[in-house]
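The data block below is work37.tsv; it holds TSV, C-alpha atoms.
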chain	number	residue	atom	x	y	z
A	114	MET	CA	0.00	0.00	0.00
A	115	THR	CA	1.37	3.41	-0.94
A	116	SER	CA	1.39	6.44	1.32
A	117	GLU	CA	-1.25	8.02	-0.89
A	118	GLN	CA	-3.53	5.03	-0.46
A	119	ILE	CA	-3.04	5.10	3.28
A	120	GLU	CA	-3.81	8.82	3.35
A	121	GLU	CA	-6.98	8.22	1.38
A	122	LEU	CA	-8.00	5.44	3.73
A	123	LEU	CA	-7.43	7.68	6.73
A	124	ARG	CA	-9.51	10.48	5.24
A	125	ARG	CA	-12.36	8.13	4.40
A	126	ALA	CA	-12.24	6.38	7.72
A	127	GLY	CA	-12.63	9.52	9.78
A	128	ARG	CA	-12.16	9.68	13.51
A	129	PRO	CA	-13.77	6.74	15.28
A	130	VAL	CA	-16.44	7.51	17.84
A	131	GLN	CA	-15.14	6.71	21.29
A	132	PRO	CA	-17.45	4.33	23.13
A	133	PRO	CA	-18.79	5.55	26.46
A	134	GLU	CA	-16.96	4.47	29.58
A	135	ARG	CA	-19.95	2.42	30.79
A	136	LEU	CA	-19.73	0.33	27.63
A	137	ARG	CA	-16.03	-0.25	28.21
A	138	ARG	CA	-16.74	-1.39	31.76
A	139	ALA	CA	-19.59	-3.61	30.59
A	140	VAL	CA	-17.52	-5.25	27.87
A	141	LEU	CA	-14.43	-5.78	29.98
A	142	GLY	CA	-16.55	-7.12	32.82
A	143	ALA	CA	-18.24	-9.60	30.50
A	144	PRO	CA	-15.72	-12.44	30.86
A	145	ARG	CA	-16.13	-12.49	34.61
A	146	HIS	CA	-19.89	-12.56	34.23
A	147	GLN	CA	-19.97	-15.21	31.59
A	148	ASP	CA	-20.67	-18.66	32.86
A	149	SER	CA	-19.05	-20.00	29.76
A	150	LEU	CA	-15.42	-19.25	30.38
A	151	PRO	CA	-13.49	-21.06	27.70
A	152	TRP	CA	-11.72	-23.39	30.09
A	153	LEU	CA	-15.04	-24.23	31.66
A	154	ARG	CA	-16.76	-24.47	28.31
A	155	SER	CA	-14.27	-27.05	27.17
A	156	TRP	CA	-15.17	-29.09	30.22
A	157	ARG	CA	-18.85	-28.35	30.10
A	158	GLY	CA	-19.69	-31.54	28.27
A	159	ALA	CA	-17.68	-33.62	30.69
A	160	VAL	CA	-19.16	-31.83	33.68
A	161	THR	CA	-22.65	-32.37	32.32
A	162	VAL	CA	-22.00	-36.05	31.76
A	163	VAL	CA	-20.53	-36.48	35.23
A	164	ALA	CA	-23.48	-34.67	36.78
A	165	ALA	CA	-25.93	-36.76	34.79
A	166	VAL	CA	-24.19	-39.98	35.78
A	167	ALA	CA	-24.14	-38.90	39.41
A	168	LEU	CA	-27.84	-38.09	39.27
A	169	LEU	CA	-28.61	-41.42	37.65
A	170	GLY	CA	-26.54	-43.11	40.30
A	171	VAL	CA	-28.47	-41.46	43.08
A	172	LEU	CA	-31.75	-42.34	41.42
A	173	ALA	CA	-30.63	-45.90	40.91
A	174	LEU	CA	-29.63	-46.15	44.54
A	175	ALA	CA	-32.98	-44.77	45.59
A	176	VAL	CA	-35.01	-47.05	43.34
A	177	LEU	CA	-32.88	-50.14	43.14
A	178	ARG	CA	-31.16	-50.07	46.46
A	179	PRO	CA	-30.79	-53.51	47.86
A	180	ALA	CA	-33.38	-54.62	50.27
A	181	PRO	CA	-32.34	-54.34	53.86
A	182	ALA	CA	-30.69	-57.46	55.09
A	183	ALA	CA	-33.89	-59.23	55.87
A	184	MET	CA	-34.25	-60.79	59.24
A	185	SER	CA	-37.63	-62.14	58.23
A	186	ARG	CA	-39.96	-62.14	55.29
A	187	VAL	CA	-43.70	-62.14	55.32
A	188	ALA	CA	-45.60	-63.10	52.17
A	189	LEU	CA	-49.10	-61.85	51.45
A	190	GLN	CA	-51.48	-63.43	48.96
A	191	GLY	CA	-54.65	-62.20	47.43
A	192	ALA	CA	-57.05	-63.02	44.64
A	193	ALA	CA	-56.25	-62.74	40.92
A	194	GLY	CA	-52.57	-63.43	41.46
A	195	ALA	CA	-51.92	-60.30	43.51
A	196	SER	CA	-49.13	-60.75	46.00
A	197	ALA	CA	-46.84	-58.84	48.27
A	198	GLU	CA	-43.78	-59.46	50.35
A	199	VAL	CA	-42.63	-57.61	53.42
A	200	ARG	CA	-38.97	-57.76	54.35
A	201	VAL	CA	-38.25	-56.87	57.90
A	202	GLY	CA	-34.74	-55.59	58.35
A	203	PRO	CA	-32.54	-55.40	61.43
A	204	SER	CA	-33.16	-52.67	63.92
A	205	ASP	CA	-31.32	-49.43	63.41
A	206	GLY	CA	-31.35	-47.79	66.81
A	207	ALA	CA	-34.94	-47.12	67.71
A	208	ASN	CA	-36.30	-48.17	64.32
A	209	ARG	CA	-36.52	-51.16	62.08
A	210	SER	CA	-36.43	-50.95	58.30
A	211	ILE	CA	-39.22	-52.45	56.27
A	212	GLN	CA	-39.53	-52.98	52.56
A	213	LEU	CA	-42.85	-53.78	50.98
A	214	SER	CA	-42.93	-55.17	47.45
A	215	VAL	CA	-46.27	-55.57	45.72
A	216	GLN	CA	-47.06	-57.28	42.43
A	217	ARG	CA	-50.18	-57.42	40.31
A	218	LEU	CA	-52.27	-55.23	42.53
A	219	ALA	CA	-54.07	-52.92	40.15
A	220	PRO	CA	-54.39	-49.30	41.18
A	221	GLY	CA	-58.14	-49.78	41.12
A	222	SER	CA	-60.77	-47.25	41.96
A	223	GLU	CA	-59.69	-47.04	45.55
A	224	GLY	CA	-56.48	-45.31	44.64
A	225	ALA	CA	-54.32	-46.02	47.62
A	226	TYR	CA	-53.84	-49.08	49.80
A	227	GLU	CA	-52.84	-49.57	53.41
A	228	LEU	CA	-50.61	-52.14	55.04
A	229	TRP	CA	-51.70	-53.16	58.50
A	230	SER	CA	-50.14	-55.30	61.20
A	231	LEU	CA	-52.85	-57.23	62.98
A	232	ALA	CA	-50.28	-58.65	65.40
A	233	GLU	CA	-50.42	-55.31	67.12
A	234	GLN	CA	-53.39	-54.61	69.33
A	235	PRO	CA	-55.02	-52.50	68.31
A	236	PRO	CA	-53.95	-53.12	64.68
A	237	MET	CA	-51.22	-50.77	63.53
A	238	LEU	CA	-51.15	-48.99	60.19
A	239	LEU	CA	-47.66	-49.49	58.77
A	240	ALA	CA	-47.84	-47.75	55.42
A	241	THR	CA	-50.11	-46.18	52.85
A	242	PHE	CA	-49.08	-46.71	49.26
A	243	MET	CA	-50.19	-46.70	45.64
A	244	THR	CA	-49.33	-49.11	42.87
A	245	HIS	CA	-48.23	-48.34	39.35
A	246	GLU	CA	-50.32	-49.21	36.32
A	247	ASN	CA	-48.59	-52.56	36.12
A	248	GLY	CA	-49.72	-53.32	39.64
A	249	ALA	CA	-46.28	-53.17	41.20
A	250	CYS	CA	-44.64	-50.95	43.73
A	251	VAL	CA	-41.80	-51.00	46.21
A	252	VAL	CA	-42.07	-49.02	49.42
A	253	ALA	CA	-39.37	-48.64	52.04
A	254	PHE	CA	-40.12	-47.28	55.47
A	255	THR	CA	-39.33	-47.77	59.11
A	256	VAL	CA	-41.34	-48.79	62.11
A	257	PRO	CA	-40.54	-48.64	65.81
A	258	ARG	CA	-38.14	-51.41	66.70
A	259	ALA	CA	-40.56	-53.05	69.11
A	260	SER	CA	-43.41	-53.18	66.57
A	261	GLN	CA	-44.90	-56.54	65.74
A	262	VAL	CA	-44.64	-56.96	61.99
A	263	ASP	CA	-46.71	-60.04	61.54
A	264	ASP	CA	-50.18	-61.09	60.56
A	265	LEU	CA	-50.20	-58.47	57.86
A	266	VAL	CA	-53.06	-57.38	55.65
A	267	ILE	CA	-53.47	-54.92	52.85
A	268	THR	CA	-56.73	-53.02	52.56
A	269	PRO	CA	-58.04	-50.32	50.29
A	270	HIS	CA	-57.37	-46.92	51.75
A	271	GLY	CA	-60.09	-46.01	54.24
A	272	GLN	CA	-61.63	-49.51	54.27
A	273	ALA	CA	-59.77	-51.14	57.09
A	274	ASP	CA	-62.20	-54.05	57.32
A	275	ARG	CA	-61.78	-55.14	53.69
A	276	PHE	CA	-58.74	-57.35	53.46
A	277	ILE	CA	-57.52	-57.95	49.94
A	278	LEU	CA	-54.06	-59.38	50.62
A	279	CYS	CA	-53.23	-61.27	53.76
A	280	SER	CA	-50.25	-63.07	55.24
A	281	ASN	CA	-52.73	-65.39	56.92
A	282	PRO	CA	-54.84	-66.88	54.10
A	283	ALA	CA	-57.69	-67.55	56.46
A	284	ARG	CA	-58.28	-63.83	56.80
A	285	CYS	CA	-58.69	-63.15	53.08
A	286	PRO	CA	-61.85	-64.18	51.25
A	287	ARG	CA	-61.15	-65.37	47.73
A	288	THR	CA	-63.05	-62.52	46.19
A	289	ALA	CA	-62.26	-61.20	42.81
A	290	LEU	CA	-59.74	-58.42	42.63
A	291	PRO	CA	-58.98	-56.28	39.66
A	292	ALA	CA	-56.08	-58.09	38.04
A	293	ALA	CA	-53.17	-55.95	36.96
A	294	ALA	CA	-51.67	-56.29	33.56
A	295	GLU	CA	-48.41	-58.16	33.29
A	296	PRO	CA	-45.49	-55.76	33.21
B	254	MET	CA	2.84	21.38	30.33
B	255	GLN	CA	1.58	18.63	28.05
B	256	ASN	CA	-0.52	19.34	25.04
B	257	PRO	CA	-4.25	18.67	25.57
B	258	ALA	CA	-4.41	16.76	22.31
B	259	ILE	CA	-1.77	14.36	23.57
B	260	LEU	CA	-3.52	14.02	26.89
B	261	ARG	CA	-6.72	13.18	25.07
B	262	LEU	CA	-5.00	10.62	22.94
B	263	ARG	CA	-3.35	9.01	25.91
B	264	SER	CA	-6.73	8.09	27.31
B	265	HIS	CA	-7.03	5.66	24.40
B	266	GLU	CA	-3.54	4.36	24.65
B	267	GLN	CA	-3.35	0.64	24.90
B	268	PRO	CA	-1.30	-0.83	27.69
B	269	THR	CA	1.20	-2.57	25.47
B	270	LEU	CA	2.26	0.56	23.65
B	271	GLY	CA	6.01	0.79	23.44
B	272	HIS	CA	6.31	-3.00	23.29
B	273	PRO	CA	5.77	-5.22	20.30
B	274	ALA	CA	1.99	-5.46	20.13
B	275	PRO	CA	0.74	-8.96	19.49
B	276	PRO	CA	-1.01	-9.41	16.15
B	277	ASP	CA	-4.76	-9.75	16.14
B	278	GLU	CA	-4.62	-13.46	15.32
B	279	ARG	CA	-2.53	-14.18	18.40
B	280	LEU	CA	-4.83	-12.09	20.55
B	281	LEU	CA	-7.84	-14.08	19.38
B	282	SER	CA	-6.01	-17.29	20.10
B	283	GLN	CA	-5.24	-16.07	23.62
B	284	VAL	CA	-8.84	-14.96	24.11
B	285	ALA	CA	-9.94	-18.43	23.03
B	286	SER	CA	-7.93	-19.87	25.89
B	287	GLY	CA	-9.57	-17.51	28.37
B	288	ASP	CA	-6.92	-14.78	28.56
B	289	GLU	CA	-8.73	-11.71	29.90
B	290	GLY	CA	-5.64	-9.56	29.35
B	291	ALA	CA	-5.73	-10.36	25.65
B	292	PHE	CA	-9.45	-9.60	25.61
B	293	ARG	CA	-8.72	-6.21	27.15
B	294	ILE	CA	-6.10	-5.43	24.49
B	295	LEU	CA	-8.54	-6.52	21.82
B	296	TRP	CA	-11.08	-4.09	23.25
B	297	GLU	CA	-8.54	-1.25	23.35
B	298	ARG	CA	-7.64	-2.01	19.76
B	299	PHE	CA	-11.07	-2.63	18.25
B	300	GLY	CA	-13.55	-1.16	20.75
B	301	ALA	CA	-13.88	2.25	19.14
B	302	ALA	CA	-13.83	0.77	15.65
B	303	VAL	CA	-16.56	-1.74	16.48
B	304	TYR	CA	-18.66	0.86	18.27
B	305	SER	CA	-18.29	3.29	15.36
B	306	LEU	CA	-19.29	0.60	12.91
B	307	CYS	CA	-22.36	-0.28	14.99
B	308	LEU	CA	-23.26	3.38	15.30
B	309	ARG	CA	-23.04	3.88	11.56
B	310	ARG	CA	-25.21	0.85	10.96
B	311	LEU	CA	-27.81	1.41	13.65
B	312	SER	CA	-27.79	5.21	13.92
B	313	GLU	CA	-28.74	5.09	17.58
B	314	PRO	CA	-26.17	5.18	20.40
B	315	ALA	CA	-28.09	2.86	22.73
B	316	ALA	CA	-28.51	0.27	20.00
B	317	ALA	CA	-24.87	0.65	19.02
B	318	GLU	CA	-23.85	0.00	22.63
B	319	ASP	CA	-26.03	-3.11	22.70
B	320	ALA	CA	-24.54	-4.35	19.46
B	321	THR	CA	-20.98	-3.62	20.56
B	322	GLN	CA	-21.48	-5.48	23.79
B	323	GLU	CA	-23.11	-8.35	21.93
B	324	ALA	CA	-20.18	-8.43	19.51
B	325	PHE	CA	-17.57	-8.60	22.25
B	326	VAL	CA	-19.49	-11.21	24.20
B	327	ASN	CA	-19.55	-13.28	21.03
B	328	ILE	CA	-15.85	-12.66	20.51
B	329	TRP	CA	-15.17	-13.92	24.02
B	330	ARG	CA	-17.40	-16.93	23.58
B	331	HIS	CA	-16.51	-17.91	20.06
B	332	ALA	CA	-12.91	-16.82	19.60
B	333	ARG	CA	-11.94	-20.46	19.20
B	334	THR	CA	-13.98	-20.66	16.02
B	335	PHE	CA	-11.68	-18.18	14.32
B	336	ASP	CA	-9.65	-19.95	11.67
B	337	PRO	CA	-6.72	-17.92	10.31
B	338	GLN	CA	-6.73	-20.13	7.23
B	339	ARG	CA	-10.12	-18.76	6.26
B	340	GLY	CA	-9.40	-15.06	6.61
B	341	SER	CA	-7.90	-12.32	8.69
B	342	ALA	CA	-8.78	-11.62	12.31
B	343	ALA	CA	-10.05	-8.19	11.30
B	344	ALA	CA	-12.41	-9.76	8.78
B	345	TRP	CA	-13.64	-12.21	11.43
B	346	LEU	CA	-14.19	-9.41	13.94
B	347	PHE	CA	-15.95	-7.41	11.26
B	348	ALA	CA	-18.27	-10.33	10.54
B	349	VAL	CA	-19.01	-10.79	14.24
B	350	THR	CA	-19.78	-7.08	14.55
B	351	ARG	CA	-21.97	-7.03	11.47
B	352	ASN	CA	-23.95	-10.00	12.77
B	353	ALA	CA	-24.34	-8.42	16.21
B	354	ALA	CA	-25.64	-5.21	14.66
B	355	ALA	CA	-28.08	-7.15	12.51
B	356	GLN	CA	-29.22	-9.12	15.54
B	357	VAL	CA	-29.87	-5.96	17.55
B	358	ALA	CA	-31.76	-4.46	14.64
B	359	ARG	CA	-33.90	-7.59	14.39
B	360	LYS	CA	-34.59	-7.69	18.12
B	361	ALA	CA	-35.82	-4.12	18.33
B	362	PRO	CA	-38.37	-3.59	15.60
B	363	ARG	CA	-40.42	-1.30	17.79
B	364	ARG	CA	-37.50	1.04	18.14
B	365	GLU	CA	-37.67	1.28	14.37
B	366	LEU	CA	-34.01	0.55	14.01
B	367	ALA	CA	-32.90	-0.20	10.54
B	368	LEU	CA	-29.60	-1.20	9.14
B	369	THR	CA	-28.09	1.46	6.95
B	370	VAL	CA	-29.18	1.06	3.37
B	371	LEU	CA	-26.29	-0.26	1.38
B	372	PRO	CA	-25.17	1.47	-1.81
B	373	ASP	CA	-25.49	-0.10	-5.21
B	374	ASP	CA	-22.44	-2.25	-4.76
B	375	PRO	CA	-22.74	-3.85	-1.32
B	376	ILE	CA	-19.48	-5.77	-1.70
B	377	VAL	CA	-17.51	-2.59	-2.22
B	378	HIS	CA	-19.34	-1.01	0.69
B	379	GLU	CA	-18.49	-3.96	2.95
B	380	GLU	CA	-14.85	-3.75	1.89
B	381	HIS	CA	-14.78	-0.07	2.74
B	382	THR	CA	-16.35	-0.75	6.10
B	383	LEU	CA	-13.85	-3.48	6.85
B	384	LEU	CA	-11.01	-1.17	5.83
B	385	ARG	CA	-12.36	1.54	8.11
B	386	LEU	CA	-12.45	-0.90	11.01
B	387	ALA	CA	-8.93	-2.06	10.24
B	388	VAL	CA	-7.58	1.49	9.95
B	389	HIS	CA	-9.10	2.46	13.28
B	390	ALA	CA	-7.68	-0.64	14.92
B	391	ALA	CA	-4.26	-0.18	13.35
B	392	LEU	CA	-4.10	3.43	14.51
B	393	THR	CA	-4.28	2.29	18.12
B	394	ARG	CA	-1.09	0.29	17.57
B	395	ILE	CA	1.20	3.06	16.44
B	396	PRO	CA	3.10	5.25	18.91
B	397	VAL	CA	1.09	8.13	20.34
B	398	PRO	CA	3.23	10.97	18.87
B	399	GLU	CA	2.79	9.60	15.34
B	400	ARG	CA	-0.86	8.81	15.88
B	401	CYS	CA	-1.49	12.31	17.18
B	402	VAL	CA	0.00	13.88	14.05
B	403	LEU	CA	-1.94	11.60	11.72
B	404	GLU	CA	-5.23	12.24	13.49
B	405	LEU	CA	-4.79	15.99	13.35
B	406	ALA	CA	-3.83	15.82	9.68
B	407	TYR	CA	-6.46	13.43	8.38
B	408	PHE	CA	-9.34	13.62	10.87
B	409	GLU	CA	-9.19	17.34	11.60
B	410	ASP	CA	-7.74	18.34	8.23
B	411	LEU	CA	-4.99	20.51	9.68
B	412	SER	CA	-1.95	21.45	7.63
B	413	GLN	CA	1.46	20.37	8.81
B	414	SER	CA	2.24	23.94	9.88
B	415	GLN	CA	-0.97	24.09	11.92
B	416	ILE	CA	-0.09	20.77	13.52
B	417	ALA	CA	3.37	22.08	14.39
B	418	ASN	CA	1.78	25.11	16.01
B	419	ARG	CA	-0.85	23.07	17.80
B	420	LEU	CA	1.66	20.62	19.23
B	421	ALA	CA	4.45	23.16	19.66
B	422	ILE	CA	6.94	21.03	17.78
B	423	PRO	CA	9.15	21.79	14.76
B	424	LEU	CA	7.65	21.39	11.29
B	425	GLY	CA	10.34	18.87	10.45
B	426	THR	CA	9.24	16.70	13.35
B	427	VAL	CA	5.67	16.80	12.09
B	428	LYS	CA	6.84	15.67	8.67
B	429	SER	CA	9.00	12.88	10.01
B	430	ARG	CA	6.26	11.66	12.35
B	431	THR	CA	3.76	11.74	9.51
B	432	ARG	CA	6.04	9.69	7.27
B	433	ALA	CA	6.83	7.23	10.03
B	434	GLY	CA	3.16	6.96	11.02
B	435	LEU	CA	1.99	6.30	7.46
B	436	LYS	CA	4.70	3.71	6.96
B	437	ARG	CA	3.83	1.95	10.18
B	438	LEU	CA	0.14	2.06	9.32
B	439	ALA	CA	0.82	0.46	5.93
B	440	GLU	CA	2.80	-2.31	7.59
B	441	LEU	CA	0.07	-2.95	10.12
B	442	LEU	CA	-2.64	-3.07	7.47
B	443	GLN	CA	-0.52	-5.49	5.52
B	444	GLU	CA	-0.13	-7.60	8.64
B	445	MET	CA	-3.89	-7.47	9.12
B	446	GLN	CA	-4.38	-8.76	5.56
B	447	VAL	CA	-7.06	-6.28	4.62
Can you turn what I pasted into structure tokens?
Amino acid sequence: MTSEQIEELLRRAGRPVQPPERLRRAVLGAPRHQDSLPWLRSWRGAVTVVAAVALLGVLALAVLRPAPAAMSRVALQGAAGASAEVRVGPSDGANRSIQLSVQRLAPGSEGAYELWSLAEQPPMLLATFMTHENGACVVAFTVPRASQVDDLVITPHGQADRFILCSNPARCPRTALPAAAEP
Amino acid sequence: MQNPAILRLRSHEQPTLGHPAPPDERLLSQVASGDEGAFRILWERFGAAVYSLCLRRLSEPAAAEDATQEAFVNIWRHARTFDPQRGSAAAWLFAVTRNAAAQVARKAPRRELALTVLPDDPIVHEEHTLLRLAVHAALTRIPVPERCVLELAYFEDLSQSQIANRLAIPLGTVKSRTRAGLKRLAELLQEMQV
């Protein structure tokens, strides 16, 4: 480029307009306010994956956590193939862990169900639960260590005298229950 | 006592003046790796040029500020996408600025912003705009005494004698600074590949 060309460029360019100081501050402050710093951005994918894996891990632990080391198991049977199993775990201080697994118990019109221990006098409500569309559910909870977890029945919520699954078959009439679809 | 014109110019002086200033390509590479110092130099070098370009396109200072900020945020975020094989850093910065201005114009239809109507030959117009941006950026890289003389000569249209009077320096010094400034400017524009 010749001097003449440069001179012409300068004349045509004119003096640039100086940006206001607030704009300078805003622009130079931008990197600190960006959550996407380049070094972080390059790791963003990895961080996202790690976070997702961690979340999945937590969910898996919550859903698929192994049943408490069962000290005893109580099976419940009902009509139309519905069944349940209660695993009574060791005491943990003042409490005892319980896991209830239910299969083929349709949600039904009643909505929720209740698990009762008739070994307690008066009978003790252990848990209120709902089943999925496939009739299954797993519920973990605790009861006082001294509780009697035996002679169990499951009733529709609010109908404590209507036993639909029982650990003692003599307590359950073989009435028809809404069968749940196979998973 | 220092000349007011020099004092005014010093407010725009970039921190690396007096040392070999890194080329734009290297600055972008450093920005891509999160170097805030390089980002600051890039602002000192291109800030006024980008703002002026946005102002010419949008005709409204507030919109030009929005577009300038948008452009520099995009520069910070996307500097790694700059590929020197595909063009100069100035051309890349110009494209980022042009897009930011267009984006601001699109976002604010109620403010009735409109991009400046291009002349018959938009390619030539774009080339001129890119050259203007490059000239403004290159000016920030030459020593202040030379820059001061060039600005008075070509932006304020003063004769060399008037410049000598204004700056209280010999006429010969004005001439030598002008020659040196133009030469340096040509080298920088060549380096910028515009």
Inset, instruction - May I ask for the distance between atom CA of Ala406 of chain B and atom CA of Arg124 of chain A, given in Å to one decimal place? - result: 9.0 Å
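Checking B:Thr321, B:Ser412, B:Ser286, B:Gln443 one by one against Gln131 of chain A, counting all atoms listed in the file, you find the shortest gap at B:Thr321.
Non-sequential neighbours of Leu281 of chain B (distance at most 6 Å, separation of 3 or more positions within a chain, all atoms listed in the file) are Glu278, Val284 and Ala332 of chain B.
Minimum atom-to-atom distance to Thr244 of chain A, evaluated using all atoms listed in the file, belongs to A:Pro220 out of A:Pro133, A:Pro257, A:Pro220, A:Gly206.
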Legend entry - Selected residue, from A:Ala193, A:Val187, A:Glu134, A:Pro144, that lies nearest to chain B when counting only C-alpha atoms: A:Pro144
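Here atom CA of His245 of chain A stands at a distance of 13.8 Å from atom CA of Ala197 of chain A.
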Inset, instruction - Excluding Leu213 of chain A and any residue of its chain fewer than 2 positions from it, enumerate the residues within 6 Å of it, using only C-alpha atoms, and give them as a VMD selection string. - result: chain A and resid 198 to 199 251 to 252
Inset, instruction - Choose the residue, out of B:Asp336, B:Glu313, B:Asp319, B:Glu399, that has the smallest atom-to-atom separation from chain A; count all atoms listed in the file. - result: B:Asp319
